[in-house]
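Q: Here it is, the structure, as structure tokens.
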Amino acid sequence: MRETPLSNCEREFILNNIAQQRRLDGRNAYDYRDLRIAFGVSLGCCHVELGKTRVLAQVSCEVGDPKQTRPHNGVLFVNVELSPMACPAYEQGKQSEEGIELSRLMERCLKESRCLDMESLCIVSGEKAWHVRVDIHVLNHEGNILDCSSIAAISALAHFRRPDVSVHGEEITIHTLEERNPVPLSLHHMPLLVSFTFFSQGKYMLVDPSLKEEKVMEGKMVVGMNKHRELCTLQVTGQMLLLKDQVLRCSSIAVTKVTKITELIHQALENDKQARLRGDKHGFAVLVSGDKVTSNRLPTTEVSVEKTEVSMEGQSSEEDSEDQSATNNGADISDKPDESTSKSSAVHILTKGVGMIGEGGPSTWLDLPQAIEKQQKVKKRKHRPAKAEEEEEQESSEEEEQVILK
């Protein structure tokens, strides 16, 4: 299924707002959307929400053979999965160009920055080593998948624990979680990606673009950096030219953003650790809040029922409506409505779906002779005495009995 393109009106509207330093969601040019980090019950599972963009990262490991070129190191593999659940434009089982680019950029950010100590993953040099795999699943695509994926991947690696291993001669023993406590991965630093989008040949710049802003951008620059002001990766795409001052400006902005996000990651890890030690609610159950209503409901109104009188007979619909308005206003309820209100609200039903209010003339655009005759018959029946009605009912019942006897 192809992605729905933006219309010219939407494109011009977004670009005009960007030129006036305004964004569709009310943010400033250098503001991030709301960031939320949560960890699953299993170690190495992380769920990140950046606005409406949602990404789930899962870290797993297995014992395998090391690479021949690096016999003393383990292996790290990163995969980004784009499914139709994230966006209808993605196809199931077929890796798109965007997915390949995301996977390569994430591998460059994590491998070339050497944030993970690969030598600590070695079990026996040249024979056995740990193979660590990071699977990133995009649950909802609302722009800036790269930043959200990098936060989820590095948080999942910091949260993951591998089984402990003991080597006795040629025997390798992998201990279970009940026998020994799992061992955390050795992380030197936390590289994070920060995306910048440019418009009007680099004249305007935005941080953390949304999906619609990505559709109208002219170019994009991704800066990978850690809180120690070390540049890990840099990528520029699009048909535009950037000056040296613009690149330096983006790098200084990326430092402040990475520092804040790193603090949020450490805080989330500490909160999850304390919750597990205390035995409190942890995992994705934290995301479910009981004080949030996800359906529409009417606002509650206070109604005083102290002086309410209930009459079973002889109460019209007009009296009921006046009783409800009187109770809502906290006033006393009267048995008889006002004559002025009853006259002004009188509605004569001519036929199904047609009504007449007030004392107007006959309808000039619709001929309703049968409806008028029915209305006149109803009025005559109302003015008849009760005895005549009883006689008519008896006659009708006798006719029915005769018909049945025949």
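In the structure tokens, the first chain shown is A, the next is B, and so on; residue numbers restart at 1 for each chain, and ligands run from 1 in the order shown.
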Near Val258 of chain A, within 10 Å and counting only C-alpha atoms, which residues show up once chain neighbours fewer than 5 positions away are dropped, as a list in words?

A: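 Listed by chain and then number, they are Ile151, Met190, Pro191, Leu192, Leu193, Val194, Gly224, Met225, Asn226, Lys227, His228, Arg229, Ile253, Glu263 and Leu264 of chain A.
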
Q: Give the answer as one residue: which of A:Glu214, A:Asp31, A:Glu62, A:Glu270 has the shortest atom-to-atom distance to Val134 of chain A, using only C-alpha atoms?

A: A:Glu62

Q: Excluding same-chain residues fewer than 4 positions from segment 140-149 of chain A, what lies within 7 Å of it counting only C-alpha atoms, as a ChimeraX atom specification?

A: /A:48,50,52-55,85-87,102,136,153,193-195,208-211,214

Q: Give me the residues near Gln20 of chain A as a PyMOL selection string, where near means some atom within 10 Å (using only C-alpha atoms) and where sequence neighbours in that chain fewer than 5 positions away do not count.

A: chain A and resi 14-15+204

Q: Those residues you just picked out, can you put them in a file as a compact mmCIF listing (two decimals), in the first residue's frame with all heavy atoms?

A:
# COMPACT_ATOMS: atom_id res chain seq x y z
N ILE A 14 2.50 24.05 6.06
CA ILE A 14 3.58 23.66 6.97
C ILE A 14 4.81 24.52 6.76
O ILE A 14 5.44 24.99 7.72
CB ILE A 14 3.90 22.16 6.78
CG1 ILE A 14 2.70 21.31 7.18
CG2 ILE A 14 5.12 21.76 7.60
CD1 ILE A 14 2.86 19.84 6.84
N LEU A 15 5.16 24.77 5.49
CA LEU A 15 6.34 25.60 5.21
C LEU A 15 6.14 27.03 5.67
O LEU A 15 7.09 27.66 6.18
CB LEU A 15 6.65 25.54 3.71
CG LEU A 15 7.11 24.18 3.17
CD1 LEU A 15 7.29 24.24 1.66
CD2 LEU A 15 8.41 23.76 3.85
N TYR A 204 16.11 27.38 7.57
CA TYR A 204 15.37 27.03 8.78
C TYR A 204 15.74 25.60 9.19
O TYR A 204 15.92 24.72 8.33
CB TYR A 204 13.86 27.13 8.55
CG TYR A 204 13.42 28.48 8.05
CD1 TYR A 204 13.02 28.65 6.72
CD2 TYR A 204 13.41 29.59 8.88
CE1 TYR A 204 12.63 29.88 6.24
CE2 TYR A 204 13.00 30.83 8.41
CZ TYR A 204 12.62 30.97 7.09
OH TYR A 204 12.24 32.20 6.63

Q: Rounded to one decimal in Å, what is the spacing between atom CA of Arg27 of chain A and atom CA of Asp245 of chain A?

A: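 Those two atoms sit 24.1 Å apart.
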
Q: My list of candidates is A:Gly26, A:Ser83, A:Phe198, A:Asn73. Which is closest to Glu213 of chain A when distances are computed with only C-alpha atoms?

A: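 Of A:Gly26, A:Ser83, A:Phe198, A:Asn73, the one nearest Glu213 of chain A is A:Phe198, counting only C-alpha atoms.
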
Q: As a PyMOL selection string, please: every residue in segment 60-266 of chain A that DSSP puts in helix (DSSP H, G or I).

A: chain A and resi 97-112+119-121+145-159+211-215+244-266
